[in-house]
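Engineer: Pasting coords31.txt below, which is compact mmCIF, C-alpha atoms.
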# COMPACT_ATOMS: atom_id res chain seq x y z
CA ALA A 1003 81.21 90.12 83.06
CA LEU A 1004 79.84 93.64 83.47
CA ASP A 1005 77.90 92.59 86.55
CA ARG A 1006 81.10 91.26 88.10
CA ARG A 1007 82.90 94.56 87.45
CA ILE A 1008 80.01 96.54 88.91
CA VAL A 1009 79.85 94.36 92.00
CA ALA A 1010 83.64 94.42 92.47
CA LEU A 1011 83.51 98.22 92.66
CA ALA A 1012 80.11 98.74 94.26
CA VAL A 1013 80.37 96.35 97.22
CA PRO A 1014 83.48 97.94 98.76
CA ALA A 1015 82.11 101.38 97.87
CA LEU A 1016 78.88 100.42 99.64
CA GLY A 1017 80.79 99.61 102.80
CA ALA A 1018 82.66 102.92 102.70
CA LEU A 1019 79.56 104.97 101.93
CA VAL A 1020 77.47 103.30 104.62
CA ALA A 1021 80.26 103.81 107.17
CA GLU A 1022 80.04 107.58 106.75
CA PRO A 1023 76.33 107.93 107.71
CA LEU A 1024 77.06 105.70 110.69
CA PHE A 1025 78.87 108.74 112.14
CA VAL A 1026 75.52 110.56 112.20
CA LEU A 1027 73.51 107.55 113.32
CA VAL A 1028 75.81 106.82 116.26
CA ASP A 1029 75.97 110.47 117.26
CA SER A 1030 72.17 110.70 117.05
CA ALA A 1031 71.70 107.61 119.22
CA VAL A 1032 74.17 108.87 121.84
CA VAL A 1033 73.02 112.49 121.92
CA GLY A 1034 69.37 111.41 121.83
CA ARG A 1035 69.81 110.04 125.37
CA LEU A 1036 70.43 113.58 126.58
CA GLY A 1037 66.99 114.91 125.53
CA ALA A 1038 65.00 116.38 122.65
CA PRO A 1039 66.71 119.85 122.70
CA GLN A 1040 70.14 118.22 122.42
CA LEU A 1041 68.97 115.97 119.58
CA GLY A 1042 67.38 118.95 117.86
CA GLY A 1043 70.66 120.85 118.22
CA LEU A 1044 72.52 118.00 116.59
CA ALA A 1045 69.90 117.95 113.82
CA LEU A 1046 70.47 121.59 112.87
CA ALA A 1047 74.22 121.62 113.42
CA GLY A 1048 74.68 118.30 111.64
CA THR A 1049 72.72 119.61 108.68
CA VAL A 1050 74.96 122.67 108.49
CA LEU A 1051 78.16 120.62 108.74
CA THR A 1052 77.09 118.02 106.19
CA THR A 1053 76.00 120.86 103.91
CA VAL A 1054 79.41 122.50 104.11
CA VAL A 1055 81.17 119.19 103.43
CA GLY A 1056 78.60 118.20 100.82
CA LEU A 1057 79.19 121.42 98.89
CA CYS A 1058 82.75 120.19 98.43
CA ILE A 1059 81.78 116.73 97.17
CA PHE A 1060 83.07 117.90 93.79
CA LEU A 1061 86.53 117.22 95.23
CA ALA A 1062 85.66 113.52 95.11
CA TYR A 1063 83.44 113.38 92.04
CA ALA A 1064 85.54 115.53 89.73
CA THR A 1065 88.70 113.71 90.80
CA THR A 1066 87.13 110.30 90.18
CA ALA A 1067 85.99 111.29 86.69
CA ARG A 1068 89.30 112.88 85.67
CA VAL A 1069 91.48 110.09 87.06
CA ALA A 1070 89.30 107.37 85.50
CA ARG A 1071 89.24 109.09 82.09
CA ALA A 1072 93.04 109.56 82.11
CA LEU A 1073 93.57 105.89 83.00
CA GLY A 1074 91.16 104.85 80.24
CA ALA A 1075 93.28 106.86 77.82
CA GLY A 1076 96.47 105.16 79.12
CA ASP A 1077 98.01 108.18 80.89
CA ARG A 1078 98.75 106.89 84.40
CA ARG A 1079 101.12 109.70 85.46
CA ARG A 1080 98.53 112.35 84.67
CA ALA A 1081 95.92 110.42 86.63
CA LEU A 1082 98.17 110.26 89.70
CA GLN A 1083 99.10 113.95 89.46
CA TRP A 1084 95.45 114.94 89.34
CA GLY A 1085 94.88 112.99 92.52
CA VAL A 1086 97.69 114.83 94.33
CA ASP A 1087 96.51 118.25 93.12
CA GLY A 1088 92.96 117.47 94.22
CA MET A 1089 94.13 116.76 97.76
CA TRP A 1090 96.07 120.02 97.99
CA LEU A 1091 93.01 121.93 96.81
CA ALA A 1092 90.91 120.13 99.44
CA LEU A 1093 93.33 121.02 102.24
CA GLY A 1094 93.28 124.72 101.36
CA ILE A 1095 89.50 124.92 101.06
CA GLY A 1096 89.07 123.01 104.31
CA ALA A 1097 91.27 125.38 106.28
CA VAL A 1098 89.30 128.42 105.09
CA LEU A 1099 85.94 126.80 105.80
CA ALA A 1100 86.99 125.70 109.30
CA VAL A 1101 87.68 129.29 110.34
CA ALA A 1102 84.52 130.61 108.68
CA LEU A 1103 82.25 128.02 110.29
CA GLY A 1104 83.68 128.57 113.76
CA VAL A 1105 83.14 132.33 113.52
CA ALA A 1106 79.71 132.29 111.85
CA ALA A 1107 78.06 129.41 113.74
CA GLY A 1108 75.61 131.63 115.64
CA PRO A 1109 74.34 133.72 112.69
CA ILE A 1110 73.96 130.59 110.53
CA LEU A 1111 71.78 128.87 113.12
CA ASP A 1112 69.73 132.02 113.66
CA ALA A 1113 69.06 132.14 109.91
CA LEU A 1114 67.79 128.57 110.11
CA GLY A 1115 65.36 129.55 112.86
CA ALA A 1116 66.91 127.49 115.66
CA PRO A 1117 64.54 127.32 118.70
CA ALA A 1118 65.90 128.90 121.88
CA ASP A 1119 66.32 125.58 123.70
CA VAL A 1120 68.13 124.04 120.71
CA ARG A 1121 70.49 126.88 119.75
CA PRO A 1122 73.27 126.48 122.40
CA HIS A 1123 73.64 122.76 121.68
CA ALA A 1124 73.86 123.39 117.92
CA ILE A 1125 76.53 126.08 118.38
CA ALA A 1126 78.59 123.78 120.60
CA TYR A 1127 78.56 121.00 118.00
CA LEU A 1128 79.57 123.28 115.13
CA ARG A 1129 82.46 124.95 116.96
CA TRP A 1130 83.94 121.69 118.21
CA SER A 1131 83.62 119.93 114.87
CA ALA A 1132 84.94 122.78 112.69
CA PRO A 1133 88.66 121.95 113.19
CA GLY A 1134 88.03 118.61 111.46
CA LEU A 1135 86.96 120.23 108.18
CA PRO A 1136 90.39 120.12 106.47
CA GLY A 1137 90.57 116.40 107.19
CA MET A 1138 87.01 115.85 105.98
CA LEU A 1139 87.74 117.46 102.61
CA VAL A 1140 91.05 115.66 102.15
CA VAL A 1141 89.14 112.43 102.72
CA LEU A 1142 86.84 113.39 99.82
CA ALA A 1143 89.66 114.15 97.39
CA ALA A 1144 91.76 111.12 98.31
CA THR A 1145 88.74 108.82 98.05
CA GLY A 1146 87.96 110.23 94.61
CA ALA A 1147 91.53 109.61 93.43
CA LEU A 1148 91.42 106.00 94.61
CA ARG A 1149 88.00 105.36 93.08
CA GLY A 1150 89.22 106.68 89.75
CA ARG A 1151 91.95 104.03 89.92
CA LEU A 1152 89.20 101.43 90.53
CA ASP A 1153 90.33 101.04 94.14
CA THR A 1154 87.25 101.09 96.35
CA ARG A 1155 88.69 98.72 98.94
CA THR A 1156 91.12 101.13 100.60
CA PRO A 1157 88.39 103.75 101.27
CA LEU A 1158 86.25 100.94 102.69
CA TRP A 1159 88.79 99.94 105.33
CA VAL A 1160 89.59 103.53 106.23
CA ALA A 1161 85.93 104.54 106.51
CA SER A 1162 85.15 101.47 108.62
CA GLY A 1163 88.00 102.24 110.99
CA GLY A 1164 86.88 105.87 111.20
CA ALA A 1165 83.33 104.85 112.05
CA VAL A 1166 84.52 102.62 114.89
CA LEU A 1167 86.81 105.35 116.22
CA ASN A 1168 83.99 107.91 116.05
CA ALA A 1169 81.63 105.60 117.96
CA VAL A 1170 84.16 105.08 120.75
CA LEU A 1171 84.92 108.80 120.97
CA SER A 1172 81.23 109.76 120.92
CA VAL A 1173 80.29 107.50 123.84
CA THR A 1174 83.42 108.44 125.78
CA LEU A 1175 83.23 112.21 125.31
CA VAL A 1176 79.45 112.73 125.37
CA LEU A 1177 78.44 110.33 128.12
CA GLY A 1178 81.66 109.29 129.84
CA LEU A 1179 83.26 112.73 130.21
CA GLY A 1180 80.00 114.67 130.21
CA MET A 1181 80.89 117.00 127.31
CA GLY A 1182 77.39 116.79 125.87
CA VAL A 1183 76.86 117.73 122.24
CA ALA A 1184 80.31 119.34 122.13
CA GLY A 1185 81.88 115.92 122.70
CA SER A 1186 80.06 114.58 119.66
CA GLY A 1187 81.54 117.35 117.51
CA LEU A 1188 85.04 116.80 118.84
CA GLY A 1189 84.85 113.06 118.25
CA THR A 1190 83.82 113.61 114.63
CA ALA A 1191 86.69 116.04 114.05
CA VAL A 1192 89.29 113.65 115.47
CA ALA A 1193 88.00 110.62 113.55
CA GLN A 1194 87.87 112.46 110.21
CA THR A 1195 91.39 113.84 110.64
CA ALA A 1196 92.73 110.36 111.35
CA MET A 1197 91.02 109.06 108.21
CA ALA A 1198 92.59 111.83 106.14
CA VAL A 1199 96.08 110.88 107.32
CA VAL A 1200 95.65 107.23 106.34
CA LEU A 1201 94.14 107.97 102.92
CA THR A 1202 96.85 110.53 102.16
CA ARG A 1203 99.49 107.88 102.71
CA ALA A 1204 97.70 105.59 100.24
CA VAL A 1205 97.54 108.22 97.47
CA VAL A 1206 101.07 109.48 98.09
CA GLY A 1207 102.44 105.94 97.94
CA GLY A 1208 101.06 105.43 94.43
CA ALA A 1209 102.39 108.79 93.24
CA ARG A 1210 105.89 108.15 94.60
CA ALA A 1211 106.01 104.75 92.91
CA GLU A 1212 105.49 106.46 89.53
CA GLY A 1213 107.81 109.39 90.28
CA VAL A 1214 104.97 111.90 90.33
CA PRO A 1215 105.84 115.12 92.24
CA LEU A 1216 104.03 115.57 95.55
CA ARG A 1217 104.00 119.35 95.47
CA PRO A 1218 100.92 121.07 94.03
CA THR A 1219 101.08 122.38 90.47
CA ARG A 1220 99.41 125.64 89.50
CA ALA A 1221 97.98 124.15 86.32
CA GLY A 1222 96.67 121.12 88.18
CA LEU A 1223 94.97 123.20 90.87
CA ARG A 1224 93.41 125.44 88.23
CA GLN A 1225 92.14 122.47 86.22
CA ALA A 1226 90.78 120.79 89.34
CA ALA A 1227 88.89 123.94 90.30
CA HIS A 1228 87.59 124.36 86.74
CA ALA A 1229 86.33 120.77 86.55
CA GLY A 1230 84.68 121.06 89.94
CA THR A 1231 82.88 124.40 89.47
CA PRO A 1232 79.78 123.05 87.64
CA LEU A 1233 79.55 120.20 90.15
CA LEU A 1234 79.80 122.75 92.95
CA LEU A 1235 76.81 124.64 91.56
CA ARG A 1236 74.91 121.38 91.17
CA THR A 1237 75.72 120.47 94.77
CA VAL A 1238 74.69 123.91 96.00
CA THR A 1239 71.19 123.32 94.63
CA LEU A 1240 71.01 119.87 96.24
CA ARG A 1241 72.21 121.16 99.60
CA ILE A 1242 69.78 124.06 99.52
CA GLY A 1243 67.10 121.42 99.14
CA ILE A 1244 68.40 119.59 102.23
CA LEU A 1245 68.59 122.85 104.18
CA LEU A 1246 65.05 123.69 103.13
CA ALA A 1247 63.90 120.32 104.49
CA ALA A 1248 65.53 121.10 107.86
CA TRP A 1249 64.10 124.63 107.77
CA VAL A 1250 60.62 123.22 107.20
CA ALA A 1251 61.03 120.81 110.14
CA GLY A 1252 62.30 123.63 112.36
CA GLY A 1253 59.14 125.60 111.65
CA LEU A 1254 56.95 122.66 112.70
CA GLY A 1255 58.20 122.52 116.31
CA THR A 1256 60.81 120.71 118.39
CA VAL A 1257 59.16 117.30 117.96
CA ALA A 1258 59.22 117.57 114.17
CA LEU A 1259 62.81 118.84 114.20
CA ALA A 1260 64.02 116.02 116.46
CA GLY A 1261 62.15 113.49 114.33
CA HIS A 1262 63.63 115.00 111.20
CA GLN A 1263 67.12 114.29 112.52
CA VAL A 1264 66.34 110.58 112.84
CA VAL A 1265 64.55 110.30 109.50
CA ALA A 1266 67.29 112.24 107.70
CA ALA A 1267 69.95 109.98 109.20
CA VAL A 1268 68.10 106.86 108.02
CA TRP A 1269 67.47 108.38 104.58
CA ASN A 1270 71.14 109.24 104.23
CA LEU A 1271 72.12 105.72 105.17
CA ALA A 1272 69.85 104.30 102.46
CA ALA A 1273 70.92 106.96 99.97
CA PHE A 1274 74.61 106.29 100.45
CA ALA A 1275 73.95 102.58 100.06
CA LEU A 1276 72.29 103.22 96.71
CA ASP A 1277 75.05 105.63 95.75
CA ALA A 1278 77.55 102.75 95.76
CA LEU A 1279 76.22 101.84 92.33
CA ALA A 1280 76.72 105.44 91.23
CA ILE A 1281 80.37 105.23 92.31
CA ALA A 1282 80.83 102.13 90.16
CA ALA A 1283 79.10 103.90 87.27
CA GLN A 1284 81.35 106.96 87.62
CA ALA A 1285 84.56 104.98 87.34
CA LEU A 1286 83.39 102.57 84.62
CA VAL A 1287 81.79 105.26 82.45
CA GLY A 1288 84.84 107.52 82.83
CA GLN A 1289 87.21 104.77 81.72
CA ALA A 1290 84.96 103.69 78.84
CA LEU A 1291 84.67 107.22 77.46
CA GLY A 1292 88.38 107.85 78.00
CA ALA A 1293 89.08 104.75 75.92
CA GLY A 1294 86.67 106.00 73.22
CA ASP A 1295 84.07 103.25 73.70
CA PRO A 1296 80.51 104.68 73.82
CA THR A 1297 78.95 101.22 73.52
CA ALA A 1298 80.55 100.15 76.81
CA ALA A 1299 79.42 103.40 78.46
CA ARG A 1300 75.82 102.80 77.36
CA ALA A 1301 75.96 99.22 78.66
CA VAL A 1302 77.12 100.47 82.07
CA LEU A 1303 74.24 102.98 82.09
CA ARG A 1304 71.59 100.35 81.40
CA ARG A 1305 72.86 97.76 83.83
CA THR A 1306 73.53 100.08 86.76
CA LEU A 1307 70.05 101.58 86.38
CA GLN A 1308 68.56 98.10 86.72
CA TRP A 1309 70.62 97.49 89.83
CA GLY A 1310 69.73 100.90 91.28
CA VAL A 1311 65.96 100.60 90.96
CA GLY A 1312 66.00 97.01 92.23
CA ALA A 1313 68.07 97.96 95.26
CA GLY A 1314 65.71 100.88 95.95
CA VAL A 1315 62.71 98.54 95.97
CA ALA A 1316 64.45 96.16 98.39
CA LEU A 1317 65.56 98.92 100.77
CA GLY A 1318 62.14 100.54 100.68
CA ALA A 1319 60.47 97.27 101.66
CA VAL A 1320 62.85 96.75 104.58
CA LEU A 1321 62.36 100.31 105.79
CA ALA A 1322 58.57 100.10 105.58
CA VAL A 1323 58.51 96.91 107.64
CA GLY A 1324 60.85 98.31 110.31
CA ALA A 1325 59.52 101.89 110.45
CA GLY A 1326 57.94 101.50 113.87
CA ALA A 1327 61.03 99.96 115.46
CA ILE A 1328 63.54 102.62 114.43
CA GLY A 1329 62.39 105.56 116.57
CA PRO A 1330 62.94 103.81 119.95
CA LEU A 1331 66.58 103.27 119.00
CA PHE A 1332 67.17 107.02 119.06
CA THR A 1333 64.86 108.62 121.60
CA PRO A 1334 62.60 107.78 124.57
CA ASP A 1335 60.20 110.61 123.60
CA ALA A 1336 56.87 109.05 122.51
CA ALA A 1337 55.85 111.97 120.30
CA VAL A 1338 59.15 111.92 118.41
CA ARG A 1339 58.90 108.14 117.97
CA ALA A 1340 55.44 108.45 116.40
CA ALA A 1341 56.59 111.22 114.07
CA VAL A 1342 59.57 109.14 112.94
CA ALA A 1343 57.44 106.07 112.20
CA THR A 1344 55.02 107.96 109.94
CA ALA A 1345 57.70 109.89 108.06
CA LEU A 1346 59.75 106.74 107.44
CA LEU A 1347 56.81 105.16 105.59
CA VAL A 1348 56.82 108.14 103.26
CA THR A 1349 60.56 107.90 102.63
CA ALA A 1350 60.35 104.15 102.01
CA ALA A 1351 58.01 104.77 99.08
CA GLY A 1352 60.54 107.14 97.51
CA LEU A 1353 63.58 104.87 97.61
CA PRO A 1354 63.09 103.10 94.23
CA MET A 1355 63.06 106.47 92.48
CA ALA A 1356 66.08 107.51 94.52
CA GLY A 1357 67.99 104.49 93.20
CA TRP A 1358 67.27 105.66 89.65
CA VAL A 1359 68.34 109.24 90.44
CA PHE A 1360 71.63 108.38 92.14
CA VAL A 1361 72.77 106.04 89.37
CA LEU A 1362 72.01 108.60 86.67
CA ASP A 1363 73.91 111.23 88.64
CA GLY A 1364 76.90 108.88 88.80
CA VAL A 1365 76.81 108.17 85.07
CA LEU A 1366 76.67 111.85 84.10
CA ILE A 1367 79.35 112.82 86.62
CA GLY A 1368 81.62 110.07 85.31
CA ALA A 1369 81.05 111.44 81.81
CA GLY A 1370 82.09 114.92 82.92
CA ASP A 1371 78.61 116.33 82.18
CA GLY A 1372 78.78 118.75 85.09
CA ARG A 1373 77.42 121.76 83.19
CA PHE A 1374 74.11 120.00 82.50
CA LEU A 1375 73.86 118.74 86.08
CA ALA A 1376 74.32 122.30 87.34
CA TRP A 1377 71.41 123.65 85.29
CA ALA A 1378 69.26 120.61 86.09
CA GLY A 1379 69.86 121.32 89.79
CA VAL A 1380 68.54 124.86 89.38
CA VAL A 1381 65.38 123.56 87.72
CA THR A 1382 64.88 120.96 90.44
CA LEU A 1383 65.24 123.53 93.20
CA ALA A 1384 62.74 125.82 91.46
CA VAL A 1385 60.19 122.99 91.62
CA TYR A 1386 60.81 122.09 95.26
CA ALA A 1387 61.26 125.46 96.98
CA PRO A 1388 57.62 126.65 96.68
CA LEU A 1389 56.39 123.31 97.99
CA ALA A 1390 58.73 123.54 100.99
CA VAL A 1391 57.44 127.02 101.83
CA ALA A 1392 53.85 125.80 101.53
CA VAL A 1393 54.45 122.86 103.88
CA ARG A 1394 56.10 125.05 106.53
CA SER A 1395 53.23 127.53 106.32
CA LEU A 1396 50.25 125.17 106.05
CA ALA A 1397 51.17 121.79 107.54
CA PRO A 1398 50.29 121.00 111.18
CA ASP A 1399 53.00 120.84 113.84
CA GLY A 1400 54.61 117.59 115.00
CA GLY A 1401 54.39 114.21 113.30
CA PRO A 1402 51.76 114.97 110.61
CA GLY A 1403 53.72 118.01 109.48
CA LEU A 1404 56.94 116.00 109.32
CA ALA A 1405 55.24 113.47 107.04
CA TRP A 1406 54.17 116.26 104.67
CA ALA A 1407 57.71 117.68 104.73
CA TRP A 1408 59.20 114.36 103.66
CA LEU A 1409 56.53 113.85 101.00
CA ALA A 1410 57.64 117.13 99.43
CA TYR A 1411 61.33 116.19 99.62
CA ALA A 1412 61.31 112.47 98.76
CA GLY A 1413 58.48 112.89 96.26
CA ALA A 1414 58.65 116.23 94.45
CA PHE A 1415 62.35 117.04 94.85
CA MET A 1416 63.58 113.58 93.89
CA GLY A 1417 60.95 113.31 91.15
CA ALA A 1418 62.22 116.46 89.45
CA ARG A 1419 65.77 115.11 89.58
CA ALA A 1420 64.62 111.80 88.08
CA LEU A 1421 62.90 113.53 85.18
CA THR A 1422 65.74 115.89 84.22
CA THR A 1423 68.57 113.34 84.40
CA GLY A 1424 66.46 110.64 82.75
CA LEU A 1425 65.77 112.82 79.71
CA ARG A 1426 69.48 113.68 79.43
CA ALA A 1427 70.58 110.05 79.57
CA ARG A 1428 68.26 109.10 76.70
CA GLY A 1429 70.40 111.14 74.29
CA ALA A 1430 74.09 111.03 73.43
CA ALA A 1431 75.21 114.60 74.17
CA TRP A 1432 76.82 113.50 77.45
CA MET A 1433 79.12 110.93 75.81
CA THR A 1434 82.26 112.97 75.08
CA LEU A 1435 85.08 110.62 74.05
CA GLY A 1436 88.83 110.70 74.75
CA ALA A 1437 91.11 111.93 77.54
Can the structure from this file be put into structure tokens for me?

Structural biologist:
Amino acid sequence: ALDRRIVALAVPALGALVAEPLFVLVDSAVVGRLGAPQLGGLALAGTVLTTVVGLCIFLAYATTARVARALGAGDRRRALQWGVDGMWLALGIGAVLAVALGVAAGPILDALGAPADVRPHAIAYLRWSAPGLPGMLVVLAATGALRGRLDTRTPLWVASGGAVLNAVLSVTLVLGLGMGVAGSGLGTAVAQTAMAVVLTRAVVGGARAEGVPLRPTRAGLRQAAHAGTPLLLRTVTLRIGILLAAWVAGGLGTVALAGHQVVAAVWNLAAFALDALAIAAQALVGQALGAGDPTAARAVLRRTLQWGVGAGVALGAVLAVGAGAIGPLFTPDAAVRAAVATALLVTAAGLPMAGWVFVLDGVLIGAGDGRFLAWAGVVTLAVYAPLAVAVRSLAPDGGPGLAWAWLAYAGAFMGARALTTGLRARGAAWMTLGA
């Protein structure tokens, strides 16, 4: 019975999560036809954009946990109101970040050490994609509200439609109209805004049916920000790790940086696939603890961990077998293809551990254990940062250096996360009961 509940939530969530990285994969495949500098520009700019959006993932995670816990306690009106307030908070944050990113695109890329031939393409992508940030964050909050209500199907259909729209726009604007990397950024902004509109209608429809006000409440906004603050700090540490990985690749030359874009896109696709189980764990653990049932929460923990590690083994095997065939899908450059093939073998070996990490993250987020996750993130970053500096300083340029960079990230960084969250889950301090 528990397996059926997990699958019923995880399969649609898998589709929605995989659809999002397809934005990056399609953009990489299209832009890669323009040349290595353009692909390198997308690599840096895409890392910055996904970092900005990723820092706000608390809008989804905190909303999922709060909505699920309220529903478990039998308070449906409160659950719906929290969803509405989360979306208003997302809209405001998105508007501020859109202006800031458009203005600061150049200095941000300079701080990341963008090569001269890569920099103009990266700036173009950031400035054309920035207007889509409010929509991107509303998508996060609305998706979190729906997941907390155990609705993972609506986000699936919306994300799938957005991925198709983005693919059409990317080919049309980049290649058809000759906009280059700027067309890729514009297509992403338009697709994400359209997704936000559709998801908003879904959340608003449920609130209206229960008579929940659609205007934001001061208390609700304050509580949403308070619940999300520890998760924001946790996400900051994770995103710094991702930025460090891109920084390391940038210091190893254009070939390594272009290869890093492809490997990171594939890693994200696999990671989001594994994270579908974490989404199921978030909602099920939140409802179990809200209903005051620690036994059910522990059962969800055990079973989703088994699923997560098993899925990581399967994905790692598939990736290892296909490592040599992936590079040609993205670039005609022989050196970049070779770098991608070697680095993908390294990432394949790390996927079983990644399955463990993502599920444990989902369990602890669903339990509202954000304060621990924040401190664990600081410890993890303290382990990884010196290794990243060492790789950038000592590793050779090109493909061999890229392999070392991914060994540090997929091995040491993920290993530290696995250890800290695993020790926490063994105890009972994370199982706070009630609404």

Engineer: Measuring between all atoms listed in the file, which one of A:Pro1218, A:Gly1372, A:Gly1056, A:Gly1043 shows the shortest distance to Ile1244 (chain A)?

Structural biologist: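 Nearest to Ile1244 (chain A): A:Gly1056.
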
Engineer: Could you tell me how far CA of Leu1152 (chain A) sits from CA of Thr1297 (chain A), in Å to one decimal place?

Structural biologist: 19.9 Å

Engineer: Would you pick out the contacts of Val1140 (chain A) at 8 Å or less, using all atoms listed in the file, so that residues sharing its chain but fewer than 2 positions from it are not included, and give the list as a tab-separated table (two decimals) with C-alpha atoms, keeping the file's coordinate frame?

Structural biologist:
chain	number	residue	atom	x	y	z
A	1089	MET	CA	94.13	116.76	97.76
A	1090	TRP	CA	96.07	120.02	97.99
A	1092	ALA	CA	90.91	120.13	99.44
A	1093	LEU	CA	93.33	121.02	102.24
A	1096	GLY	CA	89.07	123.01	104.31
A	1136	PRO	CA	90.39	120.12	106.47
A	1137	GLY	CA	90.57	116.40	107.19
A	1138	MET	CA	87.01	115.85	105.98
A	1142	LEU	CA	86.84	113.39	99.82
A	1143	ALA	CA	89.66	114.15	97.39
A	1144	ALA	CA	91.76	111.12	98.31
A	1198	ALA	CA	92.59	111.83	106.14
A	1202	THR	CA	96.85	110.53	102.16

Engineer: To one decimal place, how far is CA of Tyr1063 (chain A) from CA of Ala1209 (chain A) in Å?

Structural biologist: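 Value for the CA of Tyr1063 (chain A)-CA of Ala1209 (chain A) distance: 19.5 Å.
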
Engineer: Closest to Gln1083 (chain A) among A:Ala1221, A:Leu1046, A:Leu1421, A:Val1348, using all atoms listed in the file?

Structural biologist: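 Checking each candidate against Gln1083 (chain A), we get A:Ala1221 as the closest.
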
Engineer: Any idea what's packed within 6 Å of region 1349-1362 of chain A, counting only C-alpha atoms, ignoring anything in its chain fewer than 5 positions away? Could you give it as a list in words?

Structural biologist: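 Residues near the query, excluding close chain neighbours: Leu1276, Asp1277, Ala1280, Leu1307, Gly1310, Val1311, Gly1314, Val1315, Gly1318, Leu1321, Ala1322, Ala1412 and Ala1420 of chain A.
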
Engineer: Can you tell me which residues surround Val1268 (chain A) at a distance of at most 12 Å, considering only C-alpha atoms, apart from same-chain residues fewer than 5 positions away, and format the answer as a ChimeraX atom specification?

Structural biologist: /A:1020,1023-1028,1030-1031,1261-1263,1273-1275,1317-1318,1320-1322,1324-1325,1328-1329,1331-1332,1342-1343,1345-1347,1349-1350,1353

Engineer: Output C-alpha atoms for every residue in that selection, as a short mmCIF file (atom, residue, chain, number, x, y, z; two decimals), keeping the file's coordinate frame.

Structural biologist:
data_model
loop_
_atom_site.label_atom_id
_atom_site.label_comp_id
_atom_site.auth_asym_id
_atom_site.auth_seq_id
_atom_site.Cartn_x
_atom_site.Cartn_y
_atom_site.Cartn_z
CA VAL A 1020 77.47 103.30 104.62
CA PRO A 1023 76.33 107.93 107.71
CA LEU A 1024 77.06 105.70 110.69
CA PHE A 1025 78.87 108.74 112.14
CA VAL A 1026 75.52 110.56 112.20
CA LEU A 1027 73.51 107.55 113.32
CA VAL A 1028 75.81 106.82 116.26
CA SER A 1030 72.17 110.70 117.05
CA ALA A 1031 71.70 107.61 119.22
CA GLY A 1261 62.15 113.49 114.33
CA HIS A 1262 63.63 115.00 111.20
CA GLN A 1263 67.12 114.29 112.52
CA ALA A 1273 70.92 106.96 99.97
CA PHE A 1274 74.61 106.29 100.45
CA ALA A 1275 73.95 102.58 100.06
CA LEU A 1317 65.56 98.92 100.77
CA GLY A 1318 62.14 100.54 100.68
CA VAL A 1320 62.85 96.75 104.58
CA LEU A 1321 62.36 100.31 105.79
CA ALA A 1322 58.57 100.10 105.58
CA GLY A 1324 60.85 98.31 110.31
CA ALA A 1325 59.52 101.89 110.45
CA ILE A 1328 63.54 102.62 114.43
CA GLY A 1329 62.39 105.56 116.57
CA LEU A 1331 66.58 103.27 119.00
CA PHE A 1332 67.17 107.02 119.06
CA VAL A 1342 59.57 109.14 112.94
CA ALA A 1343 57.44 106.07 112.20
CA ALA A 1345 57.70 109.89 108.06
CA LEU A 1346 59.75 106.74 107.44
CA LEU A 1347 56.81 105.16 105.59
CA THR A 1349 60.56 107.90 102.63
CA ALA A 1350 60.35 104.15 102.01
CA LEU A 1353 63.58 104.87 97.61
#

Engineer: Please tell me which residues are no farther than 8 Å from (85.9, 117.2, 115.3) in the file, counting all atoms listed in the file, and write them as a PDB file with C-alpha atoms, in the frame of the given file.

Structural biologist:
ATOM      1  CA  TRP A1130      83.940 121.690 118.210  1.00  0.00           C
ATOM      2  CA  SER A1131      83.620 119.930 114.870  1.00  0.00           C
ATOM      3  CA  ALA A1132      84.940 122.780 112.690  1.00  0.00           C
ATOM      4  CA  PRO A1133      88.660 121.950 113.190  1.00  0.00           C
ATOM      5  CA  GLY A1134      88.030 118.610 111.460  1.00  0.00           C
ATOM      6  CA  LEU A1135      86.960 120.230 108.180  1.00  0.00           C
ATOM      7  CA  SER A1186      80.060 114.580 119.660  1.00  0.00           C
ATOM      8  CA  GLY A1187      81.540 117.350 117.510  1.00  0.00           C
ATOM      9  CA  LEU A1188      85.040 116.800 118.840  1.00  0.00           C
ATOM     10  CA  GLY A1189      84.850 113.060 118.250  1.00  0.00           C
ATOM     11  CA  THR A1190      83.820 113.610 114.630  1.00  0.00           C
ATOM     12  CA  ALA A1191      86.690 116.040 114.050  1.00  0.00           C
ATOM     13  CA  VAL A1192      89.290 113.650 115.470  1.00  0.00           C
ATOM     14  CA  ALA A1193      88.000 110.620 113.550  1.00  0.00           C
ATOM     15  CA  GLN A1194      87.870 112.460 110.210  1.00  0.00           C
ATOM     16  CA  THR A1195      91.390 113.840 110.640  1.00  0.00           C
TER      17      THR A1195
END
